[in-house]
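*Asks:* Take a look at this one; I'll ask things after.
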Amino acid sequence: LRTGRVARGESGSRGKRAWWATGLAVLLVLALPLLVLAAPGDFAPHPSTPAFGGGRSSDVALGDLDGDSDLDAVVANYYNEQELTSEPETVWLNDGNGNFTAHPTTPEFGTGSSNAVVLGDLDGDGDLDAVVVNYFNEPTTIWLNDGAGNFTAHPTTPGIPGTLGQGVALGDLDGDTDLDVVVANLGSDEETVWLNDGDGNFTAHPTTPEFEGGNSTDVALSDLDGDGDLDALVANYDDEPETVWLNDGAGNFTAHPTTPEFGLGSSYAVALGDLDGDTDIDVVVANLLNAEAETVWLNDGDGNFTTHPATPEFGTGFSFDVALSDLDGDADLDAVVGNSEAETVWLNDGAGNFTAHPTTPSFEGGFNSYGVALGDLDGDVDRDAVIANFADLEGASVPETVWLNDGTQEVPTAVTVVELEAGSGRAGGAWLAVAGGLLALGGYGLVRRARSTRV
(Lines give C-alpha, C1' and ligand atoms only; values in the text may rest on other atoms or scores of the structure.)
Protein backbone atom coordinates (compact mmCIF):
# COMPACT_ATOMS: atom_id res chain seq x y z
CA LEU A 1 0.00 0.00 0.00
CA ARG A 2 1.47 3.35 -0.96
CA THR A 3 1.08 6.64 0.78
CA GLY A 4 -2.21 8.34 -0.05
CA ARG A 5 -3.53 11.84 0.60
CA VAL A 6 -5.98 11.84 3.46
CA ALA A 7 -6.74 13.98 6.47
CA ARG A 8 -4.73 12.07 9.04
CA GLY A 9 -5.59 14.01 12.18
CA GLU A 10 -8.34 12.64 14.39
CA SER A 11 -10.62 15.65 14.44
CA GLY A 12 -13.42 16.12 16.86
CA SER A 13 -16.74 14.80 15.85
CA ARG A 14 -17.47 17.48 13.35
CA GLY A 15 -15.30 16.14 10.71
CA LYS A 16 -15.23 12.43 9.77
CA ARG A 17 -13.38 10.61 7.10
CA ALA A 18 -14.29 7.26 5.65
CA TRP A 19 -11.91 4.34 5.21
CA TRP A 20 -10.31 2.61 2.24
CA ALA A 21 -9.68 -0.98 1.22
CA THR A 22 -8.54 -2.74 -1.91
CA GLY A 23 -10.98 -4.82 -3.89
CA LEU A 24 -9.08 -8.00 -3.00
CA ALA A 25 -8.65 -9.67 0.33
CA VAL A 26 -5.09 -9.39 1.54
CA LEU A 27 -3.18 -10.56 4.59
CA LEU A 28 -0.22 -8.56 5.84
CA VAL A 29 2.02 -9.71 8.64
CA LEU A 30 4.30 -7.01 10.01
CA ALA A 31 6.96 -7.94 12.56
CA LEU A 32 8.31 -4.70 13.93
CA PRO A 33 10.89 -3.92 16.59
CA LEU A 34 9.09 -0.70 17.43
CA LEU A 35 11.45 2.22 17.89
CA VAL A 36 8.74 4.61 19.02
CA LEU A 37 7.36 5.85 22.29
CA ALA A 38 3.73 5.56 23.23
CA ALA A 39 2.21 8.45 25.10
CA PRO A 40 0.74 8.30 28.59
CA GLY A 41 -1.61 11.16 27.73
CA ASP A 42 0.01 13.97 29.72
CA PHE A 43 -0.60 17.21 27.81
CA ALA A 44 1.61 20.29 28.15
CA PRO A 45 1.61 23.58 26.19
CA HIS A 46 3.84 23.68 23.14
CA PRO A 47 7.18 25.05 24.43
CA SER A 48 7.70 27.60 21.66
CA THR A 49 4.32 28.13 19.97
CA PRO A 50 1.60 27.41 22.54
CA ALA A 51 -1.01 29.50 20.71
CA PHE A 52 -1.85 30.87 17.26
CA GLY A 53 -4.69 32.82 15.68
CA GLY A 54 -7.23 34.83 17.57
CA GLY A 55 -10.64 34.72 15.92
CA ARG A 56 -13.97 33.59 17.31
CA SER A 57 -13.23 30.03 16.34
CA SER A 58 -15.86 27.31 16.17
CA ASP A 59 -13.93 24.32 14.79
CA VAL A 60 -10.52 23.08 13.66
CA ALA A 61 -9.50 20.34 11.23
CA LEU A 62 -6.04 18.82 10.80
CA GLY A 63 -4.47 17.46 7.63
CA ASP A 64 -1.43 17.75 5.39
CA LEU A 65 -2.39 20.80 3.33
CA ASP A 66 0.91 21.54 1.57
CA GLY A 67 2.33 18.09 0.90
CA ASP A 68 5.19 18.14 3.40
CA SER A 69 3.90 15.16 5.41
CA ASP A 70 2.99 16.95 8.64
CA LEU A 71 -0.40 18.03 9.98
CA ASP A 72 -1.50 21.58 9.20
CA ALA A 73 -4.70 23.26 10.39
CA VAL A 74 -7.80 24.95 9.00
CA VAL A 75 -9.78 26.94 11.56
CA ALA A 76 -13.46 27.81 11.07
CA ASN A 77 -14.45 31.18 12.51
CA TYR A 78 -17.84 32.59 13.43
CA TYR A 79 -19.54 35.96 13.49
CA ASN A 80 -17.87 38.69 15.57
CA GLU A 81 -20.66 40.35 17.54
CA GLN A 82 -18.43 43.16 18.75
CA GLU A 83 -17.33 44.20 15.27
CA LEU A 84 -20.53 43.01 13.52
CA THR A 85 -18.53 41.13 10.89
CA SER A 86 -18.06 37.54 9.79
CA GLU A 87 -14.53 36.26 10.19
CA PRO A 88 -12.82 34.23 7.45
CA GLU A 89 -11.46 30.71 7.83
CA THR A 90 -7.71 30.68 8.50
CA VAL A 91 -4.95 28.36 7.25
CA TRP A 92 -1.98 27.48 9.46
CA LEU A 93 1.09 25.52 8.34
CA ASN A 94 3.06 23.24 10.63
CA ASP A 95 6.87 23.16 10.44
CA GLY A 96 6.86 19.51 11.52
CA ASN A 97 7.54 20.34 15.16
CA GLY A 98 4.09 21.65 16.00
CA ASN A 99 4.87 25.31 15.35
CA PHE A 100 1.99 26.82 13.37
CA THR A 101 2.34 29.95 11.23
CA ALA A 102 -0.15 31.62 8.90
CA HIS A 103 -0.04 30.44 5.29
CA PRO A 104 2.39 32.82 3.50
CA THR A 105 0.19 33.50 0.45
CA THR A 106 -3.37 32.47 1.38
CA PRO A 107 -3.72 32.82 5.16
CA GLU A 108 -7.50 33.01 5.01
CA PHE A 109 -10.53 32.26 2.85
CA GLY A 110 -14.30 32.63 3.07
CA THR A 111 -16.49 35.21 4.79
CA GLY A 112 -19.29 33.17 6.33
CA SER A 113 -20.45 32.70 9.89
CA SER A 114 -18.90 29.28 10.08
CA ASN A 115 -19.73 26.50 12.52
CA ALA A 116 -17.74 23.54 11.19
CA VAL A 117 -15.03 22.51 8.72
CA VAL A 118 -14.01 19.12 7.37
CA LEU A 119 -11.13 18.16 5.07
CA GLY A 120 -11.05 15.59 2.28
CA ASP A 121 -10.11 15.12 -1.37
CA LEU A 122 -13.28 16.37 -3.06
CA ASP A 123 -12.07 16.57 -6.67
CA GLY A 124 -9.78 13.54 -6.91
CA ASP A 125 -6.51 15.41 -7.40
CA GLY A 126 -4.81 13.93 -4.35
CA ASP A 127 -4.83 16.89 -1.96
CA LEU A 128 -7.13 17.93 0.86
CA ASP A 129 -9.97 20.31 0.07
CA ALA A 130 -12.43 21.83 2.54
CA VAL A 131 -16.17 21.90 3.18
CA VAL A 132 -17.32 24.69 5.51
CA VAL A 133 -20.77 24.78 7.11
CA ASN A 134 -22.18 28.24 7.75
CA TYR A 135 -25.05 29.61 9.81
CA PHE A 136 -27.61 32.43 9.27
CA ASN A 137 -29.08 30.93 6.07
CA GLU A 138 -25.65 31.03 4.43
CA PRO A 139 -24.64 28.26 2.00
CA THR A 140 -22.24 25.46 2.83
CA THR A 141 -19.11 26.37 0.89
CA ILE A 142 -16.68 24.21 -1.12
CA TRP A 143 -13.00 25.16 -1.26
CA LEU A 144 -10.38 23.49 -3.45
CA ASN A 145 -6.73 23.17 -2.50
CA ASP A 146 -4.01 23.60 -5.14
CA GLY A 147 -1.76 21.18 -3.26
CA ALA A 148 0.21 23.93 -1.55
CA GLY A 149 -2.50 24.92 0.92
CA ASN A 150 -3.98 27.73 -1.16
CA PHE A 151 -7.78 27.45 -1.06
CA THR A 152 -10.08 28.90 -3.72
CA ALA A 153 -13.84 28.58 -4.16
CA HIS A 154 -14.97 25.71 -6.36
CA PRO A 155 -15.24 27.17 -9.90
CA THR A 156 -18.66 25.71 -10.73
CA THR A 157 -20.21 24.75 -7.36
CA PRO A 158 -18.80 27.15 -4.77
CA GLY A 159 -21.68 26.50 -2.40
CA ILE A 160 -24.69 24.32 -1.70
CA PRO A 161 -27.88 25.69 -0.14
CA GLY A 162 -27.92 25.93 3.62
CA THR A 163 -29.98 27.37 6.44
CA LEU A 164 -28.84 26.76 10.01
CA GLY A 165 -25.86 24.48 9.35
CA GLN A 166 -24.19 23.20 12.50
CA GLY A 167 -22.22 20.02 11.68
CA VAL A 168 -20.84 18.24 8.62
CA ALA A 169 -19.47 14.80 7.73
CA LEU A 170 -17.74 13.46 4.61
CA GLY A 171 -17.92 9.92 3.30
CA ASP A 172 -18.74 7.77 0.27
CA LEU A 173 -22.49 7.43 0.71
CA ASP A 174 -23.47 5.90 -2.63
CA GLY A 175 -20.58 3.56 -3.41
CA ASP A 176 -19.04 5.52 -6.28
CA THR A 177 -15.71 6.07 -4.42
CA ASP A 178 -15.90 9.85 -4.04
CA LEU A 179 -16.69 11.87 -0.92
CA ASP A 180 -20.28 12.95 -0.37
CA VAL A 181 -21.64 15.27 2.34
CA VAL A 182 -24.19 15.12 5.15
CA VAL A 183 -25.03 18.41 6.88
CA ALA A 184 -26.65 18.60 10.33
CA ASN A 185 -28.98 21.56 10.76
CA LEU A 186 -30.19 23.31 13.88
CA GLY A 187 -33.81 24.25 14.50
CA SER A 188 -36.56 22.51 12.61
CA ASP A 189 -34.49 21.98 9.46
CA GLU A 190 -33.79 18.41 8.41
CA GLU A 191 -30.35 16.92 7.75
CA THR A 192 -29.38 17.18 4.09
CA VAL A 193 -27.55 14.71 1.82
CA TRP A 194 -25.35 15.93 -1.04
CA LEU A 195 -23.75 13.68 -3.65
CA ASN A 196 -20.40 14.43 -5.28
CA ASP A 197 -19.85 13.85 -9.00
CA GLY A 198 -16.15 13.17 -8.36
CA ASP A 199 -15.05 16.69 -9.28
CA GLY A 200 -16.37 18.39 -6.16
CA ASN A 201 -19.73 19.38 -7.64
CA PHE A 202 -22.45 18.57 -5.11
CA THR A 203 -26.13 18.03 -5.86
CA ALA A 204 -28.98 17.01 -3.58
CA HIS A 205 -29.61 13.27 -3.37
CA PRO A 206 -32.18 12.50 -6.11
CA THR A 207 -34.50 10.37 -3.94
CA THR A 208 -33.62 11.14 -0.30
CA PRO A 209 -32.23 14.68 -0.22
CA GLU A 210 -32.96 15.03 3.49
CA PHE A 211 -33.87 13.11 6.59
CA GLU A 212 -35.22 14.29 9.89
CA GLY A 213 -32.76 14.37 12.76
CA GLY A 214 -34.19 16.92 15.18
CA ASN A 215 -32.66 20.08 16.58
CA SER A 216 -29.28 18.88 15.36
CA THR A 217 -25.80 19.98 16.34
CA ASP A 218 -23.52 17.30 14.88
CA VAL A 219 -23.39 14.27 12.59
CA ALA A 220 -20.91 11.41 12.28
CA LEU A 221 -20.65 8.66 9.65
CA SER A 222 -19.58 5.05 10.06
CA ASP A 223 -20.79 1.52 9.36
CA LEU A 224 -23.10 1.06 12.33
CA ASP A 225 -24.84 -2.16 11.29
CA GLY A 226 -22.01 -4.06 9.63
CA ASP A 227 -23.39 -4.08 6.09
CA GLY A 228 -20.44 -2.29 4.50
CA ASP A 229 -21.85 1.20 3.92
CA LEU A 230 -21.75 4.43 5.91
CA ASP A 231 -24.66 5.12 8.23
CA ALA A 232 -25.29 8.32 10.20
CA LEU A 233 -25.55 9.17 13.87
CA VAL A 234 -26.96 12.61 14.69
CA ALA A 235 -26.54 14.58 17.93
CA ASN A 236 -29.53 16.66 18.94
CA TYR A 237 -29.99 19.56 21.30
CA ASP A 238 -32.70 20.83 23.65
CA ASP A 239 -33.37 17.49 25.38
CA GLU A 240 -33.93 15.65 22.12
CA PRO A 241 -32.51 12.14 21.69
CA GLU A 242 -29.67 11.16 19.38
CA THR A 243 -30.92 9.51 16.20
CA VAL A 244 -29.60 6.57 14.16
CA TRP A 245 -30.01 6.46 10.39
CA LEU A 246 -29.16 3.47 8.21
CA ASN A 247 -27.88 3.78 4.64
CA ASP A 248 -29.08 1.35 1.97
CA GLY A 249 -25.76 1.68 0.13
CA ALA A 250 -27.08 4.24 -2.31
CA GLY A 251 -27.21 7.16 0.11
CA ASN A 252 -30.84 6.74 1.12
CA PHE A 253 -31.13 7.09 4.90
CA THR A 254 -33.97 5.63 6.97
CA ALA A 255 -34.45 5.50 10.74
CA HIS A 256 -33.09 2.39 12.44
CA PRO A 257 -35.99 -0.10 12.54
CA THR A 258 -35.63 -1.11 16.20
CA THR A 259 -33.52 1.59 17.91
CA PRO A 260 -34.08 4.81 15.97
CA GLU A 261 -33.03 6.97 18.91
CA PHE A 262 -31.27 6.94 22.26
CA GLY A 263 -30.29 9.39 24.99
CA LEU A 264 -32.06 12.55 26.05
CA GLY A 265 -29.70 15.44 26.67
CA SER A 266 -28.59 18.76 25.29
CA SER A 267 -26.01 17.13 23.06
CA TYR A 268 -23.48 19.15 21.14
CA ALA A 269 -21.10 16.58 19.60
CA VAL A 270 -20.62 12.87 18.96
CA ALA A 271 -17.51 10.77 18.36
CA LEU A 272 -17.57 7.23 16.97
CA GLY A 273 -15.17 4.37 17.55
CA ASP A 274 -14.80 0.85 18.95
CA LEU A 275 -14.75 1.55 22.68
CA ASP A 276 -15.01 -1.97 24.08
CA GLY A 277 -12.92 -4.04 21.65
CA ASP A 278 -15.76 -5.98 20.02
CA THR A 279 -15.02 -4.51 16.52
CA ASP A 280 -18.26 -2.56 16.10
CA ILE A 281 -18.73 1.20 16.34
CA ASP A 282 -19.77 2.71 19.66
CA VAL A 283 -20.36 6.36 20.53
CA VAL A 284 -19.43 9.04 23.06
CA VAL A 285 -21.81 12.00 23.30
CA ALA A 286 -20.69 15.42 24.58
CA ASN A 287 -23.44 17.35 26.37
CA LEU A 288 -23.61 21.09 26.94
CA LEU A 289 -26.23 22.33 29.39
CA ASN A 290 -27.21 21.71 32.99
CA ALA A 291 -23.88 20.11 33.91
CA GLU A 292 -24.87 16.99 31.97
CA ALA A 293 -22.15 14.35 31.83
CA GLU A 294 -20.73 12.85 28.65
CA THR A 295 -22.49 9.58 27.88
CA VAL A 296 -21.18 6.26 26.54
CA TRP A 297 -23.32 4.05 24.32
CA LEU A 298 -22.38 0.56 23.13
CA ASN A 299 -23.40 -0.94 19.79
CA ASP A 300 -24.54 -4.56 19.52
CA GLY A 301 -23.16 -4.73 15.96
CA ASP A 302 -26.51 -4.10 14.31
CA GLY A 303 -26.74 -0.41 15.17
CA ASN A 304 -28.72 -0.84 18.38
CA PHE A 305 -27.19 1.41 21.05
CA THR A 306 -27.56 0.86 24.79
CA THR A 307 -25.97 2.69 27.68
CA HIS A 308 -22.68 1.31 28.95
CA PRO A 309 -23.58 -1.18 31.74
CA ALA A 310 -20.84 -0.12 34.17
CA THR A 311 -19.79 3.42 33.22
CA PRO A 312 -22.66 5.04 31.35
CA GLU A 313 -21.29 8.55 31.81
CA PHE A 314 -18.25 10.62 32.76
CA GLY A 315 -17.47 14.31 33.20
CA THR A 316 -19.68 17.14 34.32
CA GLY A 317 -20.88 18.69 31.09
CA PHE A 318 -20.76 22.18 29.63
CA SER A 319 -18.98 20.40 26.75
CA PHE A 320 -18.76 21.51 23.14
CA ASP A 321 -16.73 18.77 21.46
CA VAL A 322 -15.15 15.35 21.96
CA ALA A 323 -12.38 13.56 20.07
CA LEU A 324 -11.25 9.93 20.37
CA SER A 325 -7.76 8.50 19.94
CA ASP A 326 -5.28 6.29 21.78
CA LEU A 327 -3.65 8.82 24.11
CA ASP A 328 -1.67 6.51 26.39
CA GLY A 329 -0.45 3.78 24.03
CA ASP A 330 -2.55 0.90 25.34
CA ALA A 331 -4.36 0.24 22.04
CA ASP A 332 -7.82 1.51 22.98
CA LEU A 333 -9.63 4.79 22.30
CA ASP A 334 -9.41 7.49 24.95
CA ALA A 335 -11.17 10.87 24.91
CA VAL A 336 -10.37 14.57 25.03
CA VAL A 337 -13.39 16.78 25.75
CA GLY A 338 -13.58 20.47 24.84
CA ASN A 339 -15.39 22.42 27.54
CA SER A 340 -16.46 25.91 28.49
CA GLU A 341 -13.37 26.03 30.70
CA ALA A 342 -10.55 23.44 31.00
CA GLU A 343 -10.33 20.53 28.57
CA THR A 344 -10.56 17.09 30.19
CA VAL A 345 -8.67 13.87 29.42
CA TRP A 346 -10.36 10.51 29.95
CA LEU A 347 -8.65 7.12 29.67
CA ASN A 348 -10.41 3.98 28.49
CA ASP A 349 -9.68 0.63 30.15
CA GLY A 350 -10.38 -1.21 26.90
CA ALA A 351 -13.92 -2.10 27.87
CA GLY A 352 -15.36 1.38 27.41
CA ASN A 353 -15.01 2.47 31.03
CA PHE A 354 -13.62 6.03 31.11
CA THR A 355 -11.79 7.49 34.10
CA ALA A 356 -9.99 10.81 34.49
CA HIS A 357 -6.30 10.79 33.60
CA PRO A 358 -4.47 10.08 36.87
CA THR A 359 -1.88 12.86 36.56
CA THR A 360 -3.26 15.29 33.97
CA PRO A 361 -7.05 15.06 34.16
CA SER A 362 -7.41 18.49 32.55
CA PHE A 363 -5.50 21.22 30.77
CA GLU A 364 -6.34 24.87 30.17
CA GLY A 365 -6.92 24.75 26.43
CA GLY A 366 -8.70 28.08 26.39
CA PHE A 367 -12.19 29.35 27.10
CA ASN A 368 -15.34 28.15 25.36
CA SER A 369 -13.41 25.52 23.44
CA TYR A 370 -15.67 24.67 20.52
CA GLY A 371 -13.33 22.39 18.58
CA VAL A 372 -10.85 19.61 19.45
CA ALA A 373 -8.53 17.96 16.91
CA LEU A 374 -6.02 15.22 17.72
CA GLY A 375 -2.98 14.19 15.71
CA ASP A 376 0.79 13.83 15.76
CA LEU A 377 1.88 17.47 15.50
CA ASP A 378 5.58 17.12 16.34
CA GLY A 379 6.56 13.84 14.67
CA ASP A 380 6.95 11.74 17.82
CA VAL A 381 4.06 9.36 16.92
CA ASP A 382 1.76 10.15 19.86
CA ARG A 383 -1.44 12.16 19.66
CA ASP A 384 -1.22 15.87 20.41
CA ALA A 385 -4.10 18.37 20.48
CA VAL A 386 -5.17 21.61 18.84
CA ILE A 387 -8.04 23.42 20.57
CA ALA A 388 -10.25 25.95 18.76
CA ASN A 389 -11.46 28.64 21.16
CA PHE A 390 -14.29 31.13 20.83
CA ALA A 391 -14.28 34.01 23.33
CA ASP A 392 -13.64 34.74 27.00
CA LEU A 393 -16.12 36.04 29.57
CA GLU A 394 -15.56 39.62 28.40
CA GLY A 395 -16.31 38.65 24.81
CA ALA A 396 -12.72 39.00 23.59
CA SER A 397 -11.45 36.50 21.03
CA VAL A 398 -9.17 33.74 22.31
CA PRO A 399 -6.37 32.14 20.25
CA GLU A 400 -6.14 28.46 19.32
CA THR A 401 -3.88 26.47 21.64
CA VAL A 402 -1.41 23.67 20.94
CA TRP A 403 -0.83 20.87 23.45
CA LEU A 404 1.86 18.20 23.15
CA ASN A 405 1.46 14.69 24.51
CA ASP A 406 4.66 13.85 26.38
CA GLY A 407 5.17 10.23 25.29
CA THR A 408 7.35 8.62 27.93
CA GLN A 409 6.20 5.00 28.09
CA GLU A 410 8.24 2.45 26.12
CA VAL A 411 6.43 0.06 23.80
CA PRO A 412 7.62 -3.56 23.36
CA THR A 413 8.27 -5.23 20.04
CA ALA A 414 5.01 -6.33 18.45
CA VAL A 415 3.70 -8.42 15.62
CA THR A 416 0.73 -6.87 13.88
CA VAL A 417 -1.52 -9.01 11.69
CA VAL A 418 -3.64 -7.02 9.28
CA GLU A 419 -6.48 -8.71 7.45
CA LEU A 420 -8.45 -6.68 4.94
CA GLU A 421 -11.65 -7.75 3.26
CA ALA A 422 -12.93 -6.40 -0.02
CA GLY A 423 -14.43 -2.93 0.21
CA SER A 424 -15.16 0.09 -1.90
CA GLY A 425 -12.36 2.52 -2.55
CA ARG A 426 -11.02 5.27 -4.75
CA ALA A 427 -8.31 3.79 -6.90
CA GLY A 428 -4.89 5.22 -6.43
CA GLY A 429 -4.18 5.72 -2.80
CA ALA A 430 -4.19 4.47 0.72
CA TRP A 431 -1.93 4.69 3.70
CA LEU A 432 -0.96 2.25 6.35
CA ALA A 433 0.90 3.08 9.53
CA VAL A 434 1.87 0.88 12.42
CA ALA A 435 2.97 2.54 15.63
CA GLY A 436 3.20 0.92 19.02
CA GLY A 437 1.47 -2.18 17.69
CA LEU A 438 -1.50 -0.06 16.59
CA LEU A 439 -2.81 -0.15 13.06
CA ALA A 440 -3.99 2.91 11.18
CA LEU A 441 -5.48 2.70 7.72
CA GLY A 442 -6.68 5.69 5.76
CA GLY A 443 -8.36 6.56 2.49
CA TYR A 444 -11.74 7.02 0.97
CA GLY A 445 -13.86 3.92 1.18
CA LEU A 446 -14.51 1.40 3.91
CA VAL A 447 -12.30 -1.11 5.65
CA ARG A 448 -14.69 -3.90 6.47
CA ARG A 449 -12.41 -5.68 8.88
CA ALA A 450 -8.99 -5.11 10.34
CA ARG A 451 -7.64 -6.98 13.31
CA SER A 452 -4.44 -6.25 15.14
CA THR A 453 -2.78 -8.97 17.23
CA ARG A 454 -0.04 -8.19 19.75
CA VAL A 455 2.40 -10.80 21.03
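Every chain in the C-alpha coordinates takes a letter, A first, then B, and so on in the order presented; its residues are numbered from 1, and the ligands are numbered from 1 following the presented order.
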Skip A:Val284 itself and residues of its chain fewer than 2 positions away, then list as a ChimeraX atom specification all residues within 12 Å of it, counting only C-alpha atoms.

*Replies:* /A:12-13,220,233-235,242,263,267-276,281-282,286-287,293-299,305-308,311-315,319,321-324,333-337,346,348,352-354

*Asks:* If we count only C-alpha atoms and set the cut-off at 7 Å, which residues sit around A:Trp194, ignoring sequence neighbours fewer than 2 positions away in its own chain? Please answer as a PyMOL selection string.

*Replies:* chain A and resi 180-182+192+196+202-205

*Asks:* When you draw a straight line from atom CA of A:Tyr370 to atom CA of A:Asp178, how long is it in Å?

*Replies:*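 Computed distance, atom CA of A:Tyr370 to atom CA of A:Asp178, equals 28.7 Å.
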
*Asks:* Step one, run DSSP on the backbone; step two, keep only residues of stretch 4-227 of chain A assigned to strand (DSSP E); then write them as an NGL selection string.

*Replies:* :A and (10-11 or 26-32 or 37-38 or 43-45 or 51-52 or 57-63 or 72-77 or 79-80 or 85-86 or 89-94 or 100-102 or 108-109 or 114-120 or 129-134 or 140-145 or 151-153 or 159-160 or 165-171 or 180-185 or 191-196 or 202-204 or 210-211 or 216-222)
